[in-house]
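Accompanying notes for the structure given below.
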Amino acid sequence: MDYNYKNLVIDNIFTEDQIEDIYKHIDSAKDDQKYLQEIFSHTAYLNWLPQNIVDRVVEVAQSTTDIELELRELSFARYEKLIEGNPVQLLPHRDETFREPRLTLDIQLRASRSWPLVVEGRTFVLEDNQALTFAGTHQVHWREKIEFNDDDYVDMVFCHFSEKGVEKEVLGPYPESDAHLGEHDQKMREKAHYWQKVYNES
Ligand SMILES: [Fe+2]
C-alpha cells in the first residue's frame, strides 16, 4: 500500500447466494449499528458481515498482492438521497483516520445507476459485483458529481486491510493541526490539487 497503489477492477466477487446473505444480514442490523453519514451521503451498517463473506473478501484482496493482509474494517453502505435538496456526493478525500496503510477493496453490490469512482484522476465505473482496489490512506479518491433521483441507490461493501503485523500508527499521529504534519500527512497535503480542482468545479 503506497502512494501509487495499483487500481484493479475485479469481477465476480460474490455468488448470488452470498449477495443474498449480505442483504439478509443487513436487514437484521439493529438501529444502533446504522450510522447516517450525511457528509458522505450514505448510511453505514457497522454490524460486520457473515464469516463466509469475510472469507471471500479476504481471498479476493489477498489474490491481488503478495503482502500478507489482515482485514481491519468491514461495512456495508447505501448511498442515496438522504435529505431533499442536499446533493449526493463523495468529495475528494483520503482516509486519514487510519494511521496504518490501508488497502481498500470497494465492492459494488447492487446499484440502480452507475456512479463513476475516481482515484487521483483515473475514473472507474463499477458494475454490480465488481470491486476496485486502491490505497485509501495514500490515494485521493472521490465520486463524480451526479444527480441522484429519489429512488436511486448505490450499495457498497467497504473492506479495509492492513499488512499483517504492521507497526501501530506507523503513519504518525492523527494530524490535529497543520503546524506539525508528519511525513505522510505532508506528502498527502502535496496532493491537494486533486481536491482543489474538484472543489473549484462544484
Ligand atoms: Fe474513503
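Simple scheme: letters A, B, ... for chains in C-alpha cells order, numbers from 1 for residues in each chain, numbers from 1 for ligands in the order shown.
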**Request:** Fewer than 6 positions away in the same chain doesn't count, so skip those; otherwise give me all residues within 10 Å of segment 127-137 of chain A, counting only C-alpha atoms, as a VMD selection string.
**Result:** chain A and resid 1 to 16 19 57 60 to 61 64 93 to 115 117 119 154 to 162 171 184 to 185 188
In segment 8-170 of chain A, DSSP strand (DSSP E) residues written as an mmCIF file with C-alpha atoms, in the first residue's frame:
```
data_model
loop_
_atom_site.group_PDB
_atom_site.id
_atom_site.type_symbol
_atom_site.label_atom_id
_atom_site.label_comp_id
_atom_site.auth_asym_id
_atom_site.auth_seq_id
_atom_site.Cartn_x
_atom_site.Cartn_y
_atom_site.Cartn_z
ATOM 1 C CA VAL A 9 -11.140 -3.858 -11.171
ATOM 2 C CA ILE A 10 -12.115 -7.372 -10.136
ATOM 3 C CA LYS A 34 -26.713 2.051 11.444
ATOM 4 C CA TYR A 35 -24.891 5.330 11.039
ATOM 5 C CA LEU A 36 -26.289 8.067 8.909
ATOM 6 C CA GLN A 37 -23.242 9.819 7.483
ATOM 7 C CA HIS A 42 -24.684 7.199 2.926
ATOM 8 C CA THR A 43 -25.907 5.037 5.736
ATOM 9 C CA ALA A 44 -23.195 2.748 7.073
ATOM 10 C CA TYR A 45 -24.100 -0.583 8.642
ATOM 11 C CA LEU A 69 -3.189 -8.871 4.656
ATOM 12 C CA GLU A 70 -5.353 -8.519 7.717
ATOM 13 C CA LEU A 71 -8.975 -7.377 7.429
ATOM 14 C CA ARG A 72 -9.388 -4.424 9.766
ATOM 15 C CA GLU A 73 -12.698 -2.776 8.881
ATOM 16 C CA LEU A 74 -15.713 -4.111 7.020
ATOM 17 C CA SER A 75 -19.040 -2.446 6.415
ATOM 18 C CA PHE A 76 -21.993 -2.202 4.108
ATOM 19 C CA ALA A 77 -23.123 1.234 2.997
ATOM 20 C CA ARG A 78 -26.045 2.541 0.993
ATOM 21 C CA TYR A 79 -25.672 5.831 -0.872
ATOM 22 C CA GLU A 80 -28.950 7.567 -1.598
ATOM 23 C CA LEU A 103 -5.622 -1.453 1.067
ATOM 24 C CA THR A 104 -9.218 -0.662 0.227
ATOM 25 C CA LEU A 105 -11.463 -3.097 -1.599
ATOM 26 C CA ASP A 106 -14.595 -1.192 -2.658
ATOM 27 C CA ILE A 107 -17.256 -3.628 -3.810
ATOM 28 C CA GLN A 108 -20.385 -2.513 -5.612
ATOM 29 C CA LEU A 109 -23.081 -4.928 -4.545
ATOM 30 C CA ARG A 110 -26.122 -3.569 -6.342
ATOM 31 C CA ALA A 111 -26.964 -0.171 -7.725
ATOM 32 C CA LEU A 117 -15.376 6.432 -8.879
ATOM 33 C CA VAL A 118 -12.165 8.396 -9.320
ATOM 34 C CA VAL A 119 -8.745 7.661 -7.880
ATOM 35 C CA ARG A 122 -8.342 7.738 -13.029
ATOM 36 C CA THR A 123 -12.049 7.016 -13.475
ATOM 37 C CA PHE A 124 -13.648 3.639 -12.842
ATOM 38 C CA GLN A 130 -17.236 -5.734 -9.215
ATOM 39 C CA ALA A 131 -14.596 -4.319 -6.899
ATOM 40 C CA LEU A 132 -11.836 -1.729 -7.137
ATOM 41 C CA THR A 133 -8.567 -1.752 -5.230
ATOM 42 C CA PHE A 134 -6.751 1.368 -4.073
ATOM 43 C CA HIS A 141 -10.393 9.241 -4.091
ATOM 44 C CA TRP A 142 -13.867 10.564 -4.807
ATOM 45 C CA ARG A 143 -17.031 10.134 -6.861
ATOM 46 C CA TYR A 153 -29.224 3.916 -4.608
ATOM 47 C CA VAL A 154 -25.712 2.514 -4.738
ATOM 48 C CA ASP A 155 -24.945 -0.319 -2.309
ATOM 49 C CA MET A 156 -21.314 -0.873 -1.434
ATOM 50 C CA VAL A 157 -19.245 -3.128 0.775
ATOM 51 C CA PHE A 158 -16.117 -1.418 2.063
ATOM 52 C CA CYS A 159 -13.205 -3.596 3.110
ATOM 53 C CA HIS A 160 -10.049 -2.135 4.587
ATOM 54 C CA PHE A 161 -6.926 -4.226 5.014
ATOM 55 C CA SER A 162 -3.586 -3.535 6.588
ATOM 56 C CA GLU A 163 -0.397 -5.536 6.400
#
```
Tell me which protein, DNA and RNA residues are within 8 Å of segment 193-199 of chain A, counting only C-alpha atoms, leaving out same-chain ones fewer than 6 positions away, and put them as an mmCIF file with C-alpha atoms, in the first residue's frame.
```cif
data_model
loop_
_atom_site.group_PDB
_atom_site.id
_atom_site.type_symbol
_atom_site.label_atom_id
_atom_site.label_comp_id
_atom_site.auth_asym_id
_atom_site.auth_seq_id
_atom_site.Cartn_x
_atom_site.Cartn_y
_atom_site.Cartn_z
ATOM 1 C CA LEU A 91 -15.817 14.713 -2.375
ATOM 2 C CA PRO A 92 -12.096 14.056 -2.760
ATOM 3 C CA HIS A 93 -10.500 12.733 0.397
ATOM 4 C CA GLU A 120 -6.336 10.525 -8.470
ATOM 5 C CA GLY A 121 -7.793 11.327 -11.872
ATOM 6 C CA VAL A 140 -7.050 10.654 -3.010
#
```
**Request:** Between A:Lys81, A:Arg56, A:His138, A:His25, single out the one closest to ligand 1, counting only C-alpha atoms and all ligand atoms.
**Result:** A:His138
**Request:** Pick out each residue of segment 9-157 of chain A that DSSP on the backbone tags as alpha helix (DSSP H); I need them as JSON, numbers by chain.
**Result:** {"A": [16, 17, 18, 19, 20, 21, 22, 23, 24, 25, 26, 27, 51, 52, 53, 54, 55, 56, 57, 58, 59, 60, 61, 62]}
Would you save the residues from that selection as a PDB file, in the first residue's frame, using N, CA and C atoms?
```pdb
ATOM      1  N   GLU A  16     -24.484 -15.353  -6.054  1.00  0.00           N
ATOM      2  CA  GLU A  16     -25.815 -14.804  -5.768  1.00  0.00           C
ATOM      3  C   GLU A  16     -26.234 -15.137  -4.334  1.00  0.00           C
ATOM      4  N   ASP A  17     -25.912 -16.347  -3.889  1.00  0.00           N
ATOM      5  CA  ASP A  17     -26.256 -16.746  -2.509  1.00  0.00           C
ATOM      6  C   ASP A  17     -25.552 -15.842  -1.502  1.00  0.00           C
ATOM      7  N   GLN A  18     -24.303 -15.529  -1.768  1.00  0.00           N
ATOM      8  CA  GLN A  18     -23.566 -14.668  -0.832  1.00  0.00           C
ATOM      9  C   GLN A  18     -24.166 -13.256  -0.804  1.00  0.00           C
ATOM     10  N   ILE A  19     -24.583 -12.788  -1.966  1.00  0.00           N
ATOM     11  CA  ILE A  19     -25.213 -11.457  -2.004  1.00  0.00           C
ATOM     12  C   ILE A  19     -26.506 -11.467  -1.189  1.00  0.00           C
ATOM     13  N   GLU A  20     -27.266 -12.542  -1.336  1.00  0.00           N
ATOM     14  CA  GLU A  20     -28.487 -12.669  -0.525  1.00  0.00           C
ATOM     15  C   GLU A  20     -28.145 -12.700   0.963  1.00  0.00           C
ATOM     16  N   ASP A  21     -27.077 -13.422   1.311  1.00  0.00           N
ATOM     17  CA  ASP A  21     -26.640 -13.496   2.718  1.00  0.00           C
ATOM     18  C   ASP A  21     -26.344 -12.097   3.262  1.00  0.00           C
ATOM     19  N   ILE A  22     -25.694 -11.297   2.439  1.00  0.00           N
ATOM     20  CA  ILE A  22     -25.344  -9.946   2.899  1.00  0.00           C
ATOM     21  C   ILE A  22     -26.614  -9.131   3.148  1.00  0.00           C
ATOM     22  N   TYR A  23     -27.550  -9.180   2.212  1.00  0.00           N
ATOM     23  CA  TYR A  23     -28.772  -8.381   2.391  1.00  0.00           C
ATOM     24  C   TYR A  23     -29.586  -8.860   3.595  1.00  0.00           C
ATOM     25  N   LYS A  24     -29.628 -10.173   3.802  1.00  0.00           N
ATOM     26  CA  LYS A  24     -30.341 -10.683   4.993  1.00  0.00           C
ATOM     27  C   LYS A  24     -29.675 -10.160   6.254  1.00  0.00           C
ATOM     28  N   HIS A  25     -28.363 -10.181   6.255  1.00  0.00           N
ATOM     29  CA  HIS A  25     -27.606  -9.711   7.415  1.00  0.00           C
ATOM     30  C   HIS A  25     -27.854  -8.216   7.659  1.00  0.00           C
ATOM     31  N   ILE A  26     -27.850  -7.457   6.580  1.00  0.00           N
ATOM     32  CA  ILE A  26     -28.070  -6.012   6.691  1.00  0.00           C
ATOM     33  C   ILE A  26     -29.478  -5.720   7.216  1.00  0.00           C
ATOM     34  N   ASP A  27     -30.426  -6.490   6.725  1.00  0.00           N
ATOM     35  CA  ASP A  27     -31.806  -6.281   7.169  1.00  0.00           C
ATOM     36  C   ASP A  27     -31.968  -6.527   8.663  1.00  0.00           C
ATOM     37  N   GLN A  51     -19.318 -14.814   8.234  1.00  0.00           N
ATOM     38  CA  GLN A  51     -17.958 -15.341   8.054  1.00  0.00           C
ATOM     39  C   GLN A  51     -17.679 -15.766   6.609  1.00  0.00           C
ATOM     40  N   ASN A  52     -18.688 -16.311   5.930  1.00  0.00           N
ATOM     41  CA  ASN A  52     -18.426 -16.716   4.537  1.00  0.00           C
ATOM     42  C   ASN A  52     -18.115 -15.496   3.654  1.00  0.00           C
ATOM     43  N   ILE A  53     -18.676 -14.356   4.011  1.00  0.00           N
ATOM     44  CA  ILE A  53     -18.400 -13.113   3.274  1.00  0.00           C
ATOM     45  C   ILE A  53     -16.997 -12.611   3.627  1.00  0.00           C
ATOM     46  N   VAL A  54     -16.689 -12.673   4.909  1.00  0.00           N
ATOM     47  CA  VAL A  54     -15.344 -12.273   5.346  1.00  0.00           C
ATOM     48  C   VAL A  54     -14.295 -13.117   4.619  1.00  0.00           C
ATOM     49  N   ASP A  55     -14.513 -14.431   4.608  1.00  0.00           N
ATOM     50  CA  ASP A  55     -13.546 -15.328   3.952  1.00  0.00           C
ATOM     51  C   ASP A  55     -13.370 -14.958   2.482  1.00  0.00           C
ATOM     52  N   ARG A  56     -14.459 -14.620   1.846  1.00  0.00           N
ATOM     53  CA  ARG A  56     -14.393 -14.308   0.415  1.00  0.00           C
ATOM     54  C   ARG A  56     -13.658 -12.980   0.153  1.00  0.00           C
ATOM     55  N   VAL A  57     -13.957 -11.954   0.921  1.00  0.00           N
ATOM     56  CA  VAL A  57     -13.283 -10.670   0.646  1.00  0.00           C
ATOM     57  C   VAL A  57     -11.790 -10.765   0.971  1.00  0.00           C
ATOM     58  N   VAL A  58     -11.446 -11.554   1.975  1.00  0.00           N
ATOM     59  CA  VAL A  58     -10.022 -11.754   2.285  1.00  0.00           C
ATOM     60  C   VAL A  58      -9.357 -12.481   1.117  1.00  0.00           C
ATOM     61  N   GLU A  59     -10.039 -13.489   0.593  1.00  0.00           N
ATOM     62  CA  GLU A  59      -9.489 -14.249  -0.539  1.00  0.00           C
ATOM     63  C   GLU A  59      -9.264 -13.332  -1.749  1.00  0.00           C
ATOM     64  N   VAL A  60     -10.245 -12.502  -2.039  1.00  0.00           N
ATOM     65  CA  VAL A  60     -10.135 -11.607  -3.205  1.00  0.00           C
ATOM     66  C   VAL A  60      -8.998 -10.613  -3.012  1.00  0.00           C
ATOM     67  N   ALA A  61      -8.967  -9.962  -1.867  1.00  0.00           N
ATOM     68  CA  ALA A  61      -7.929  -8.948  -1.640  1.00  0.00           C
ATOM     69  C   ALA A  61      -6.542  -9.585  -1.655  1.00  0.00           C
ATOM     70  N   GLN A  62      -6.436 -10.747  -1.008  1.00  0.00           N
ATOM     71  CA  GLN A  62      -5.132 -11.405  -0.928  1.00  0.00           C
ATOM     72  C   GLN A  62      -4.635 -11.835  -2.305  1.00  0.00           C
TER      73      GLN A  62
END
```
**Prompt:** So which residues touch Leu90 of chain A within 8 Å, counting only C-alpha atoms, skipping near sequence neighbours fewer than 6 positions away, as a VMD selection string?
**Reply:** chain A and resid 39 to 41 142 to 145
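Counting only C-alpha atoms and all ligand atoms and comparing A:Asp31, A:Ala192, A:Pro175, A:Gln139, the residue that lies closest to ligand 1 is A:Gln139.
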